[in-house]
Amino acid sequence: MNDLFLLAPVLIVTLTGIIVLVMDLFRSPEASGGTHLAWLSALGFAAASAAAIRMWPGSQAPVEGWMSALSVNAFTLFFWILLPLIAAFSVLTATGFDRENNLDHGEFYSFHAFALAGMMVMVAAVELFSLFLGLETMALAVYALVAMRRTSARGAEASIKYFITGSLASALLLYGMVLFWGETGTLRLDELGRVLSAGQCGPILYAAAGLVLVGFGFKIAAVPFHLWTPDAYQGAPTPVTGFMAAAVKAASFAALLRVVFVAMLPELFARSFTFVDLAIAVAVLTMTVGNLLAMHQEDVKRMLAYSSISHAGYLLTGLALVPQLGSGDASLRFVNGAVLFYLATYGLATLLAFGVLARLGRGGDESTTLERLAGLATRRPGLAALLSLALLSLAGFPPTAGFFAKFALLRELVVVGRGKLTILVVIALVNALFSVYYYLRPMVAMYMRKAEGEEPEEIVSPTSSFALILAALGVLVLGLFPGRLVGVSDQAARTVSYKVARGLNDGSLGALAPFAAVQSETDPKGVGASAAVQTGSGDDAVGGR
Amino acid sequence: MMSATPLSWYLLLSFAIFSIGLLGLLIRRNLVVMLMAMELMLNGANLALVAYARFRGDEAGQVMAFFVMALAAAEAAIGLALVLAIYKHFKTLDVDRISRLNG
């Protein structure tokens, strides 16, 4: 019974999906518009998010359910709040697009719900097999979403490419897990961590770790496993692309962080040199390759796909944030709060960008190329302004949330890296500068060029406008007043750690953790103080069952 | 009863099946064959699961194997549906000739 209450947000989402499907059955075929279905699913997702907010703070003892497979702590709840909100925005911004493309059926919305339910299981899992099942539930629903436009050859092509790389990733992940289970007899992340740190790490376990990490590499589109991303993102229906870029990426990152920090930290980070260098190398490659390829794209949708690859690179520096530390420094064994903050703001800005792109071009004819964007500012000044805001946030300009996220992440690299990560910081900064070029190109097109020939039309949809304006407000508010979210993401991040479980240094954590320092600067009201007090409890890795 | 065959033999076989699947997926260009290769990879993992389960005397592995089978079925269903959609649009199943998206 208790378990069911714990899972309330996931159950609400699943139920929403089923209700939407059933309601769709009773819709007469000639009735036009599934906007009410979009609203219904958005409300369901919002309710799930609200339920997760009510369960916050996850400061009590770690709450585990379902045979210790899922853990509902602050980290889990952070994503249980974030992911349904992303999904809600995404279905609302999809309404106009769906009408034009004949997608506004129950399936479209319920697949969002099922994908979301999978993600929520995935971010809550503290046991590899549950994580895998959550991931597959998500992936299967998203494959279908990508292929949803039955008349579109590009949609089918995008989906098959996504499906093949996705299933390859799952198979690698699965084989890695099987090896872990066979060699250690457990799939619980904390127990795996203990076994691995005991130091009997044979070649099979290294192979298992490698397979699992490569599997995740595909999922988060890290270079060199990124080749599917531009095609899948470009061919998918635009609102689905936004959902993939924001939600799927956030959920995969959350799961990756948990696996790396709870299970693999001791073995792969503490002792071995190569893994650290490898993580940094992949981060650098990912951000650089993503940026370079984004530069000359003529289609904004495809450009944003490459931009999402480069953002994955920035996020991957979060993995590099740990290892530089000396072994006695417990604070650095946490996931860094700046990474979660970055994920949230990046998700919001990406949703906004794809939400606007979804409005361009009528009758299933997407006009997202730079050429077709020309003159948008005179035709639809509102849409142009919203898209500009999203691009500025992605580029990291000051009043937006993206600026603060980049600032916090780089600051962490400087402070936590203690000078050893300077090169990484410089590379990230140079990358951020170069990325400004391609983020400004669409704005130049919208504001400074006139449309040539026949002017493309835009989709009119009040529901979508409403959601877009909300998202834009979010981008601005989080940029101007980041304190609250910083506190929350910091608290959430600290519940995923390795060393704290072993009782190292609990008392001084608040003082040691640099992200807490940023937060007390920006948030004098003391969200930070409470976050510091609660560290260590609600921990994934607290021993024993 | 423990069988006389040692665990490592099962693991080698499972690894061989998995590798054949992986190579098939990377090398073959026909979508249906690629789907079959994918199934091979999952079944390789499954064989390792049940072998480990038997030798460890831990039934959890058998249970997980059932989940993997269900998953493989779901994946095959979606995969075949996509293959049909691809054939409808492109009139070919050769992945090298399926490309309308590019930068």
# chains A, B, ... in the order shown; residues from 1 in each chain; ligands from 1

$ interface_residues --of "chain B" --to "chain A" --cutoff "9 Å" --atoms "only C-alpha atoms" --output "MDAnalysis selection string"
chainID B and resid 18 22 25 31 34:35 38 41:42 44:46 48:49 51:53 56 58 61 64 67:68 71 74:75 78:79 82:83 85:86 88:90 95 98:103

$ atom_distance --atom1 "CA of Leu343 (chain A)" --atom2 "CA of Ile469 (chain A)"
20.0 Å
